[in-house]
>>> print(open('data35.txt').read())   # compact mmCIF, N, CA and C atoms
# COMPACT_ATOMS: atom_id res chain seq x y z
N MET A 1 0.85 -1.18 0.00
CA MET A 1 0.00 0.00 0.00
C MET A 1 0.89 1.24 0.00
N ARG A 2 0.56 2.17 -0.86
CA ARG A 2 1.33 3.41 -0.91
C ARG A 2 1.12 4.20 0.37
N GLU A 3 2.12 5.01 0.72
CA GLU A 3 2.05 5.82 1.93
C GLU A 3 0.83 6.75 1.91
N GLN A 4 0.56 7.35 0.78
CA GLN A 4 -0.58 8.26 0.66
C GLN A 4 -1.89 7.51 0.92
N ASP A 5 -2.01 6.31 0.39
CA ASP A 5 -3.22 5.51 0.62
C ASP A 5 -3.34 5.10 2.08
N ARG A 6 -2.22 4.78 2.69
CA ARG A 6 -2.23 4.40 4.10
C ARG A 6 -2.69 5.56 4.98
N LEU A 7 -2.17 6.76 4.69
CA LEU A 7 -2.56 7.94 5.46
C LEU A 7 -4.03 8.27 5.24
N LYS A 8 -4.50 8.15 4.01
CA LYS A 8 -5.91 8.40 3.73
C LYS A 8 -6.78 7.42 4.50
N SER A 9 -6.42 6.15 4.48
CA SER A 9 -7.18 5.14 5.22
C SER A 9 -7.19 5.42 6.71
N LEU A 10 -6.06 5.89 7.22
CA LEU A 10 -5.97 6.22 8.63
C LEU A 10 -7.02 7.24 9.02
N ILE A 11 -7.24 8.23 8.17
CA ILE A 11 -8.22 9.27 8.46
C ILE A 11 -9.64 8.80 8.17
N VAL A 12 -9.84 8.19 7.01
CA VAL A 12 -11.18 7.80 6.59
C VAL A 12 -11.80 6.79 7.57
N TYR A 13 -11.00 5.87 8.08
CA TYR A 13 -11.54 4.82 8.94
C TYR A 13 -11.40 5.13 10.43
N SER A 14 -11.00 6.33 10.77
CA SER A 14 -10.90 6.74 12.18
C SER A 14 -12.16 7.50 12.57
N ASP A 15 -12.63 7.26 13.78
CA ASP A 15 -13.74 8.03 14.30
C ASP A 15 -13.25 9.33 14.92
N VAL A 16 -12.04 9.30 15.45
CA VAL A 16 -11.42 10.48 16.07
C VAL A 16 -9.94 10.44 15.70
N MET A 17 -9.40 11.59 15.27
CA MET A 17 -7.97 11.68 14.97
C MET A 17 -7.25 12.16 16.22
N VAL A 18 -6.43 11.29 16.79
CA VAL A 18 -5.61 11.64 17.95
C VAL A 18 -4.18 11.77 17.45
N ASN A 19 -3.57 12.91 17.71
CA ASN A 19 -2.20 13.09 17.24
C ASN A 19 -1.42 14.02 18.16
N PHE A 20 -0.17 14.19 17.83
CA PHE A 20 0.74 15.02 18.62
C PHE A 20 1.12 16.23 17.77
N TYR A 21 0.24 17.21 17.70
CA TYR A 21 0.49 18.46 16.97
C TYR A 21 0.89 18.21 15.51
N SER A 22 0.24 17.30 14.88
CA SER A 22 0.56 16.97 13.50
C SER A 22 -0.28 17.79 12.53
N THR A 23 0.29 18.06 11.36
CA THR A 23 -0.49 18.72 10.33
C THR A 23 -1.56 17.78 9.77
N GLN A 24 -1.54 16.52 10.17
CA GLN A 24 -2.62 15.61 9.79
C GLN A 24 -3.95 16.09 10.37
N ALA A 25 -3.89 16.97 11.35
CA ALA A 25 -5.12 17.55 11.88
C ALA A 25 -5.87 18.29 10.77
N ILE A 26 -5.15 18.91 9.85
CA ILE A 26 -5.80 19.62 8.75
C ILE A 26 -6.51 18.63 7.85
N GLU A 27 -5.84 17.52 7.52
CA GLU A 27 -6.49 16.50 6.70
C GLU A 27 -7.71 15.91 7.41
N ALA A 28 -7.60 15.70 8.72
CA ALA A 28 -8.75 15.20 9.49
C ALA A 28 -9.91 16.18 9.41
N ALA A 29 -9.62 17.47 9.46
CA ALA A 29 -10.67 18.48 9.35
C ALA A 29 -11.33 18.43 7.98
N VAL A 30 -10.56 18.16 6.93
CA VAL A 30 -11.12 18.03 5.59
C VAL A 30 -12.19 16.93 5.57
N PHE A 31 -11.91 15.83 6.27
CA PHE A 31 -12.84 14.70 6.33
C PHE A 31 -13.83 14.84 7.49
N ASP A 32 -13.84 16.00 8.15
CA ASP A 32 -14.72 16.28 9.28
C ASP A 32 -14.57 15.25 10.39
N ARG A 33 -13.34 14.85 10.65
CA ARG A 33 -13.07 13.95 11.77
C ARG A 33 -12.71 14.78 12.99
N PRO A 34 -13.30 14.50 14.14
CA PRO A 34 -12.90 15.19 15.37
C PRO A 34 -11.40 14.98 15.61
N ILE A 35 -10.77 16.00 16.19
CA ILE A 35 -9.31 16.00 16.35
C ILE A 35 -8.96 16.27 17.80
N VAL A 36 -8.05 15.45 18.34
CA VAL A 36 -7.56 15.66 19.70
C VAL A 36 -6.04 15.67 19.65
N ASN A 37 -5.44 16.71 20.18
CA ASN A 37 -3.99 16.77 20.31
C ASN A 37 -3.58 16.27 21.69
N VAL A 38 -2.58 15.41 21.71
CA VAL A 38 -1.97 14.96 22.96
C VAL A 38 -0.95 16.04 23.33
N CYS A 39 -1.20 16.74 24.42
CA CYS A 39 -0.39 17.90 24.79
C CYS A 39 0.42 17.67 26.05
N TYR A 40 0.66 16.44 26.39
CA TYR A 40 1.48 16.16 27.56
C TYR A 40 2.67 15.32 27.14
N GLY A 41 3.65 15.25 27.99
CA GLY A 41 4.91 14.60 27.64
C GLY A 41 5.88 15.65 27.14
N THR A 42 6.90 15.18 26.44
CA THR A 42 7.90 16.13 25.93
C THR A 42 7.68 16.39 24.45
N CYS A 43 8.19 17.50 24.02
CA CYS A 43 8.06 17.97 22.65
C CYS A 43 9.00 17.20 21.74
N ARG A 44 8.40 16.24 21.05
CA ARG A 44 9.14 15.37 20.13
C ARG A 44 10.42 14.88 20.83
N SER A 45 11.58 15.11 20.35
CA SER A 45 12.78 14.59 21.02
C SER A 45 13.53 15.69 21.76
N VAL A 46 12.85 16.79 22.05
CA VAL A 46 13.45 17.93 22.74
C VAL A 46 12.96 17.92 24.19
N ASP A 47 13.78 18.38 25.09
CA ASP A 47 13.42 18.37 26.50
C ASP A 47 12.61 19.60 26.88
N LEU A 48 11.46 19.77 26.23
CA LEU A 48 10.52 20.85 26.52
C LEU A 48 9.13 20.24 26.65
N PRO A 49 8.27 20.84 27.45
CA PRO A 49 6.90 20.31 27.53
C PRO A 49 6.21 20.41 26.17
N ALA A 50 5.41 19.43 25.84
CA ALA A 50 4.72 19.40 24.55
C ALA A 50 3.87 20.64 24.33
N ARG A 51 3.31 21.19 25.38
CA ARG A 51 2.40 22.33 25.23
C ARG A 51 3.07 23.57 24.65
N VAL A 52 4.41 23.60 24.58
CA VAL A 52 5.06 24.78 23.97
C VAL A 52 4.65 24.94 22.52
N ILE A 53 4.26 23.85 21.88
CA ILE A 53 3.86 23.92 20.46
C ILE A 53 2.59 24.76 20.31
N ASP A 54 1.78 24.86 21.37
CA ASP A 54 0.57 25.70 21.31
C ASP A 54 0.90 27.11 20.83
N GLY A 55 2.09 27.60 21.15
CA GLY A 55 2.46 28.97 20.81
C GLY A 55 3.21 29.12 19.51
N TRP A 56 3.56 28.04 18.85
CA TRP A 56 4.27 28.15 17.57
C TRP A 56 3.31 28.73 16.53
N ASP A 57 3.76 29.75 15.82
CA ASP A 57 2.90 30.50 14.90
C ASP A 57 2.09 29.62 13.96
N HIS A 58 2.76 28.69 13.30
CA HIS A 58 2.07 27.90 12.28
C HIS A 58 0.99 27.01 12.88
N TYR A 59 1.15 26.61 14.13
CA TYR A 59 0.14 25.73 14.74
C TYR A 59 -0.85 26.52 15.58
N ALA A 60 -0.41 27.62 16.17
CA ALA A 60 -1.31 28.46 16.97
C ALA A 60 -2.47 28.96 16.11
N ARG A 61 -2.19 29.23 14.87
CA ARG A 61 -3.22 29.71 13.94
C ARG A 61 -4.32 28.65 13.78
N VAL A 62 -3.94 27.39 13.69
CA VAL A 62 -4.91 26.31 13.56
C VAL A 62 -5.66 26.11 14.87
N LEU A 63 -4.94 26.15 15.98
CA LEU A 63 -5.58 25.98 17.28
C LEU A 63 -6.59 27.09 17.56
N ALA A 64 -6.32 28.29 17.08
CA ALA A 64 -7.20 29.42 17.33
C ALA A 64 -8.60 29.23 16.73
N THR A 65 -8.76 28.32 15.79
CA THR A 65 -10.07 28.07 15.20
C THR A 65 -11.01 27.40 16.18
N GLY A 66 -10.45 26.72 17.19
CA GLY A 66 -11.27 25.97 18.13
C GLY A 66 -11.64 24.59 17.62
N GLY A 67 -11.08 24.20 16.50
CA GLY A 67 -11.43 22.92 15.89
C GLY A 67 -10.64 21.73 16.38
N ILE A 68 -9.71 21.95 17.31
CA ILE A 68 -8.88 20.87 17.84
C ILE A 68 -8.97 20.88 19.35
N ALA A 69 -9.41 19.74 19.92
CA ALA A 69 -9.41 19.61 21.37
C ALA A 69 -7.98 19.34 21.82
N ARG A 70 -7.61 19.87 22.96
CA ARG A 70 -6.26 19.66 23.49
C ARG A 70 -6.36 18.94 24.83
N ALA A 71 -5.57 17.90 24.97
CA ALA A 71 -5.57 17.11 26.20
C ALA A 71 -4.21 17.24 26.86
N TYR A 72 -4.20 17.85 28.04
CA TYR A 72 -2.96 18.08 28.77
C TYR A 72 -2.68 16.99 29.81
N THR A 73 -3.60 16.04 29.94
CA THR A 73 -3.42 14.88 30.83
C THR A 73 -4.03 13.66 30.17
N GLU A 74 -3.67 12.50 30.66
CA GLU A 74 -4.24 11.27 30.10
C GLU A 74 -5.75 11.23 30.32
N SER A 75 -6.22 11.65 31.49
CA SER A 75 -7.67 11.62 31.73
C SER A 75 -8.39 12.61 30.81
N ALA A 76 -7.78 13.76 30.53
CA ALA A 76 -8.39 14.72 29.60
C ALA A 76 -8.44 14.13 28.18
N LEU A 77 -7.43 13.35 27.82
CA LEU A 77 -7.41 12.70 26.51
C LEU A 77 -8.57 11.72 26.39
N ILE A 78 -8.74 10.90 27.41
CA ILE A 78 -9.84 9.92 27.40
C ILE A 78 -11.18 10.63 27.35
N ASP A 79 -11.34 11.68 28.13
CA ASP A 79 -12.58 12.45 28.13
C ASP A 79 -12.88 13.04 26.75
N ALA A 80 -11.86 13.64 26.12
CA ALA A 80 -12.06 14.26 24.81
C ALA A 80 -12.45 13.22 23.76
N ILE A 81 -11.76 12.09 23.78
CA ILE A 81 -12.08 11.02 22.82
C ILE A 81 -13.52 10.56 23.03
N ASN A 82 -13.90 10.33 24.27
CA ASN A 82 -15.26 9.86 24.56
C ASN A 82 -16.32 10.87 24.17
N ARG A 83 -16.05 12.16 24.39
CA ARG A 83 -17.00 13.20 23.98
C ARG A 83 -17.23 13.15 22.48
N TYR A 84 -16.14 13.04 21.71
CA TYR A 84 -16.27 13.00 20.26
C TYR A 84 -16.90 11.69 19.78
N LEU A 85 -16.63 10.59 20.44
CA LEU A 85 -17.28 9.34 20.06
C LEU A 85 -18.78 9.41 20.31
N ASP A 86 -19.15 10.07 21.40
CA ASP A 86 -20.58 10.24 21.72
C ASP A 86 -21.26 11.20 20.76
N ASP A 87 -20.54 12.23 20.32
CA ASP A 87 -21.13 13.23 19.43
C ASP A 87 -20.07 13.79 18.48
N PRO A 88 -19.88 13.11 17.34
CA PRO A 88 -18.85 13.56 16.38
C PRO A 88 -19.11 14.95 15.80
N SER A 89 -20.31 15.47 15.96
CA SER A 89 -20.60 16.80 15.40
C SER A 89 -20.05 17.93 16.27
N LEU A 90 -19.59 17.61 17.48
CA LEU A 90 -19.00 18.65 18.33
C LEU A 90 -17.86 19.33 17.57
N ASP A 91 -17.81 20.62 17.59
CA ASP A 91 -16.75 21.43 16.97
C ASP A 91 -16.71 21.33 15.44
N ARG A 92 -17.80 20.86 14.84
CA ARG A 92 -17.84 20.72 13.38
C ARG A 92 -17.60 22.07 12.68
N ALA A 93 -18.25 23.12 13.13
CA ALA A 93 -18.08 24.44 12.50
C ALA A 93 -16.64 24.91 12.63
N ALA A 94 -16.01 24.61 13.75
CA ALA A 94 -14.61 25.01 13.95
C ALA A 94 -13.68 24.21 13.04
N ARG A 95 -14.00 22.94 12.81
CA ARG A 95 -13.19 22.15 11.87
C ARG A 95 -13.33 22.73 10.46
N ARG A 96 -14.51 23.19 10.12
CA ARG A 96 -14.72 23.81 8.81
C ARG A 96 -13.88 25.08 8.71
N ARG A 97 -13.75 25.81 9.83
CA ARG A 97 -12.89 27.01 9.82
C ARG A 97 -11.44 26.64 9.54
N ILE A 98 -10.98 25.50 10.07
CA ILE A 98 -9.61 25.05 9.78
C ILE A 98 -9.45 24.88 8.27
N VAL A 99 -10.39 24.18 7.66
CA VAL A 99 -10.31 23.92 6.22
C VAL A 99 -10.34 25.23 5.43
N ASP A 100 -11.29 26.10 5.76
CA ASP A 100 -11.40 27.36 5.04
C ASP A 100 -10.16 28.23 5.20
N GLN A 101 -9.57 28.20 6.38
CA GLN A 101 -8.39 29.02 6.66
C GLN A 101 -7.12 28.45 6.04
N GLU A 102 -6.94 27.15 6.15
CA GLU A 102 -5.67 26.53 5.73
C GLU A 102 -5.67 26.03 4.30
N ILE A 103 -6.83 25.83 3.71
CA ILE A 103 -6.91 25.35 2.33
C ILE A 103 -7.91 26.23 1.57
N PRO A 104 -7.57 27.50 1.39
CA PRO A 104 -8.54 28.41 0.78
C PRO A 104 -8.71 28.23 -0.73
N VAL A 105 -7.73 27.64 -1.39
CA VAL A 105 -7.80 27.46 -2.85
C VAL A 105 -7.32 26.08 -3.24
N ASN A 106 -7.63 25.68 -4.46
CA ASN A 106 -7.13 24.43 -5.06
C ASN A 106 -7.50 23.18 -4.28
N ARG A 107 -8.62 23.18 -3.60
CA ARG A 107 -9.04 21.99 -2.85
C ARG A 107 -9.25 20.82 -3.81
N GLY A 108 -8.47 19.79 -3.63
CA GLY A 108 -8.61 18.60 -4.45
C GLY A 108 -7.94 18.68 -5.80
N CYS A 109 -7.36 19.82 -6.14
CA CYS A 109 -6.73 19.94 -7.46
C CYS A 109 -5.42 20.72 -7.39
N ALA A 110 -4.75 20.66 -6.25
CA ALA A 110 -3.50 21.40 -6.08
C ALA A 110 -2.43 20.94 -7.07
N GLY A 111 -2.36 19.64 -7.33
CA GLY A 111 -1.37 19.11 -8.27
C GLY A 111 -1.55 19.70 -9.66
N ARG A 112 -2.79 19.78 -10.09
CA ARG A 112 -3.08 20.37 -11.40
C ARG A 112 -2.69 21.85 -11.41
N ALA A 113 -3.02 22.57 -10.36
CA ALA A 113 -2.69 24.00 -10.31
C ALA A 113 -1.18 24.22 -10.32
N ILE A 114 -0.45 23.38 -9.61
CA ILE A 114 1.02 23.48 -9.59
C ILE A 114 1.57 23.19 -10.99
N GLY A 115 1.07 22.12 -11.62
CA GLY A 115 1.53 21.79 -12.97
C GLY A 115 1.26 22.89 -13.97
N GLU A 116 0.06 23.47 -13.90
CA GLU A 116 -0.27 24.56 -14.81
C GLU A 116 0.61 25.78 -14.55
N HIS A 117 0.92 26.03 -13.30
CA HIS A 117 1.80 27.16 -12.99
C HIS A 117 3.21 26.91 -13.55
N ILE A 118 3.71 25.71 -13.39
CA ILE A 118 5.04 25.38 -13.94
C ILE A 118 5.04 25.54 -15.46
N LEU A 119 4.01 25.02 -16.12
CA LEU A 119 3.93 25.17 -17.58
C LEU A 119 3.88 26.64 -17.99
N ALA A 120 3.15 27.43 -17.24
CA ALA A 120 3.08 28.86 -17.55
C ALA A 120 4.45 29.51 -17.37
N LEU A 121 5.18 29.11 -16.36
CA LEU A 121 6.53 29.64 -16.15
C LEU A 121 7.45 29.24 -17.29
N LEU A 122 7.32 28.00 -17.77
CA LEU A 122 8.15 27.54 -18.88
C LEU A 122 7.85 28.32 -20.15
N ASP A 123 6.59 28.65 -20.36
CA ASP A 123 6.21 29.43 -21.55
C ASP A 123 6.82 30.83 -21.51
N ARG A 124 7.12 31.33 -20.34
CA ARG A 124 7.68 32.69 -20.22
C ARG A 124 9.19 32.72 -20.31
N GLN A 125 9.82 31.56 -20.41
CA GLN A 125 11.28 31.51 -20.47
C GLN A 125 11.76 32.01 -21.82
N PRO A 126 12.81 32.80 -21.83
CA PRO A 126 13.37 33.24 -23.13
C PRO A 126 13.97 32.05 -23.87
N GLU A 127 13.95 32.17 -25.18
CA GLU A 127 14.56 31.11 -26.02
C GLU A 127 16.04 31.00 -25.70
N ARG A 128 16.53 29.80 -25.64
CA ARG A 128 17.98 29.60 -25.40
C ARG A 128 18.66 29.36 -26.73
N SER A 129 19.80 29.97 -26.88
CA SER A 129 20.54 29.73 -28.11
C SER A 129 21.45 28.52 -27.90
N PRO A 130 21.65 27.75 -28.94
CA PRO A 130 22.47 26.52 -28.84
C PRO A 130 23.91 26.78 -28.52
>>> encode(input="data35.txt", output="structure tokens")
Amino acid sequence: MREQDRLKSLIVYSDVMVNFYSTQAIEAAVFDRPIVNVCYGTCRSVDLPARVIDGWDHYARVLATGGIARAYTESALIDAINRYLDDPSLDRAARRRIVDQEIPVNRGCAGRAIGEHILALLDRQPERSP
């Protein structure tokens, strides 16, 4: 199975996306999957609390939508997962805000748009002499 297919299956067949500040949260929002960030422990392989990522610009913008539940303890993680399993529609509008904010154009056709842009750039290149 290709990596892309594996990742797609991971989201499509999940009832709740639990991750550690991953950009997969954006893909989960596209599929309207509830999202929970594990915010306890250390930050990847650095000796800092995981919650420091809350303030990183690129991720703080996504968190500000309200579309991602954050669990700072194991019991909060279990509670968040259970809330979403009981009612997957919780925070649906906020997940839509993630999609609208982070994927404003080329939804589903980014590859085509990139290819067309490259072709347009090639058309603008001056002729090369041999």
>>> residues_around(input="data35.txt", residues="Tyr21 (chain A)", least_positions_apart="6", cutoff="9 Å", atoms="only C-alpha atoms", output="list in words")
Val36, Asn37, Val38, Cys39, Ala50, Ile53, Asp54 and Tyr59 of chain A
>>> closest_residue(input="data35.txt", among="A:Ile114, A:Ala28, A:Ala71, A:Leu119", to="Val16 (chain A)", atoms="only N, CA and C atoms")
A:Ala28
>>> closest_residue(input="data35.txt", among="A:Ile35, A:Ala76, A:Val52, A:Ala94", to="Ser22 (chain A)", atoms="only C-alpha atoms")
A:Ile35
>>> closest_residue(input="data35.txt", among="A:Pro34, A:Leu10, A:Asp123, A:Ile78", to="Leu90 (chain A)", atoms="all atoms listed in the file")
A:Pro34
>>> atom_distance(input="data35.txt", atom1="CA of Arg97 (chain A)", atom2="CA of Tyr84 (chain A)")
17.8 Å
>>> axis_aligned_box(input="data35.txt", around="region 25-40 of chain A", padding_each_side="4 Å", output="AutoDock Vina command-line options")
--center_x -6.0 --center_y 16.8 --center_z 16.6 --size_x 25.4 --size_y 13.7 --size_z 30.0
>>> atom_distance(input="data35.txt", atom1="atom N of His58 (chain A)", atom2="atom C of Asp15 (chain A)")
25.2 Å
>>> select_by_dssp(input="data35.txt", residues="chain A", states="helix (DSSP H, G or I)", output="ChimeraX atom specification")
/A:3-12,24-30,50-55,57-63,74-86,92-102,110-123
>>> atom_distance(input="data35.txt", atom1="atom N of Arg95 (chain A)", atom2="CA of Ala29 (chain A)")
6.6 Å
>>> residues_around(input="data35.txt", residues="Gly41 (chain A)", least_positions_apart="3", cutoff="6.5 Å", atoms="only N, CA and C atoms", output="VMD selection string")
chain A and resid 48 to 51
>>> write_last_selection(input="data35.txt", atoms="N, CA and C atoms", output="compact mmCIF listing (two decimals), in the frame of the given file")
# COMPACT_ATOMS: atom_id res chain seq x y z
N LEU A 48 11.46 19.77 26.23
CA LEU A 48 10.52 20.85 26.52
C LEU A 48 9.13 20.24 26.65
N PRO A 49 8.27 20.84 27.45
CA PRO A 49 6.90 20.31 27.53
C PRO A 49 6.21 20.41 26.17
N ALA A 50 5.41 19.43 25.84
CA ALA A 50 4.72 19.40 24.55
C ALA A 50 3.87 20.64 24.33
N ARG A 51 3.31 21.19 25.38
CA ARG A 51 2.40 22.33 25.23
C ARG A 51 3.07 23.57 24.65
>>> select_by_dssp(input="data35.txt", residues="chain A", states="strand (DSSP E)", output="count of residues only")
10
>>> closest_residue(input="data35.txt", among="A:Thr23, A:Ser75, A:Thr42, A:Ser89", to="Leu63 (chain A)", atoms="only C-alpha atoms")
A:Thr23
>>> residues_around(input="data35.txt", residues="region 99-109 of chain A", least_positions_apart="5", cutoff="8 Å", atoms="only C-alpha atoms", output="PDB file with N, CA and C atoms, in the coordinates of the input")
ATOM      1  N   ILE A  26      -5.150  18.910   9.850  1.00  0.00           N
ATOM      2  CA  ILE A  26      -5.800  19.620   8.750  1.00  0.00           C
ATOM      3  C   ILE A  26      -6.510  18.630   7.850  1.00  0.00           C
ATOM      4  N   ALA A  29      -9.620  17.470   9.460  1.00  0.00           N
ATOM      5  CA  ALA A  29     -10.670  18.480   9.350  1.00  0.00           C
ATOM      6  C   ALA A  29     -11.330  18.430   7.980  1.00  0.00           C
ATOM      7  N   VAL A  30     -10.560  18.160   6.930  1.00  0.00           N
ATOM      8  CA  VAL A  30     -11.120  18.030   5.590  1.00  0.00           C
ATOM      9  C   VAL A  30     -12.190  16.930   5.570  1.00  0.00           C
ATOM     10  N   VAL A  62      -3.940  27.390  13.690  1.00  0.00           N
ATOM     11  CA  VAL A  62      -4.910  26.310  13.560  1.00  0.00           C
ATOM     12  C   VAL A  62      -5.660  26.110  14.870  1.00  0.00           C
TER      13      VAL A  62
END
>>> closest_residue(input="data35.txt", among="A:Val18, A:Leu7, A:Tyr13, A:Arg33", to="Pro88 (chain A)", atoms="all atoms listed in the file")
A:Arg33
>>> closest_residue(input="data35.txt", among="A:Phe31, A:Tyr40, A:Phe20, A:Val12", to="Tyr72 (chain A)", atoms="only C-alpha atoms")
A:Tyr40
>>> build_atoms(input="data35.txt", residues="region 69-77 of chain A", atoms="all heavy atoms", output="compact mmCIF listing (two decimals), in the frame of the given file")
# COMPACT_ATOMS: atom_id res chain seq x y z
N ALA A 69 -9.41 19.74 19.92
CA ALA A 69 -9.41 19.61 21.37
C ALA A 69 -7.98 19.34 21.82
O ALA A 69 -7.22 18.66 21.13
CB ALA A 69 -10.33 18.47 21.80
N ARG A 70 -7.61 19.87 22.96
CA ARG A 70 -6.26 19.66 23.49
C ARG A 70 -6.36 18.94 24.83
O ARG A 70 -7.14 19.33 25.68
CB ARG A 70 -5.54 20.99 23.66
CG ARG A 70 -5.19 21.59 22.32
CD ARG A 70 -4.59 22.95 22.47
NE ARG A 70 -5.67 23.93 22.41
CZ ARG A 70 -5.47 25.23 22.47
NH1 ARG A 70 -4.27 25.72 22.61
NH2 ARG A 70 -6.49 26.06 22.40
N ALA A 71 -5.57 17.90 24.97
CA ALA A 71 -5.57 17.11 26.20
C ALA A 71 -4.21 17.24 26.86
O ALA A 71 -3.20 16.79 26.32
CB ALA A 71 -5.87 15.65 25.88
N TYR A 72 -4.20 17.85 28.04
CA TYR A 72 -2.96 18.08 28.77
C TYR A 72 -2.68 16.99 29.81
O TYR A 72 -1.63 17.01 30.45
CB TYR A 72 -2.98 19.46 29.43
CG TYR A 72 -2.99 20.57 28.39
CD1 TYR A 72 -4.18 21.17 28.01
CD2 TYR A 72 -1.81 20.97 27.77
CE1 TYR A 72 -4.19 22.17 27.04
CE2 TYR A 72 -1.82 21.96 26.81
CZ TYR A 72 -3.02 22.55 26.45
OH TYR A 72 -3.03 23.53 25.47
N THR A 73 -3.60 16.04 29.94
CA THR A 73 -3.42 14.88 30.83
C THR A 73 -4.03 13.66 30.17
O THR A 73 -4.85 13.79 29.24
CB THR A 73 -4.11 15.09 32.20
OG1 THR A 73 -5.53 15.16 31.98
CG2 THR A 73 -3.60 16.34 32.91
N GLU A 74 -3.67 12.50 30.66
CA GLU A 74 -4.24 11.27 30.10
C GLU A 74 -5.75 11.23 30.32
O GLU A 74 -6.51 10.84 29.42
CB GLU A 74 -3.58 10.05 30.74
CG GLU A 74 -4.04 8.74 30.15
CD GLU A 74 -3.31 7.54 30.72
OE1 GLU A 74 -2.23 7.70 31.32
OE2 GLU A 74 -3.84 6.43 30.57
N SER A 75 -6.22 11.65 31.49
CA SER A 75 -7.67 11.62 31.73
C SER A 75 -8.39 12.61 30.81
O SER A 75 -9.50 12.32 30.34
CB SER A 75 -7.99 11.89 33.20
OG SER A 75 -7.58 13.18 33.58
N ALA A 76 -7.78 13.76 30.53
CA ALA A 76 -8.39 14.72 29.60
C ALA A 76 -8.44 14.13 28.18
O ALA A 76 -9.39 14.38 27.44
CB ALA A 76 -7.62 16.03 29.60
N LEU A 77 -7.43 13.35 27.82
CA LEU A 77 -7.41 12.70 26.51
C LEU A 77 -8.57 11.72 26.39
O LEU A 77 -9.32 11.73 25.42
CB LEU A 77 -6.07 11.98 26.30
CG LEU A 77 -5.93 11.14 25.04
CD1 LEU A 77 -6.04 12.02 23.79
CD2 LEU A 77 -4.60 10.40 25.06
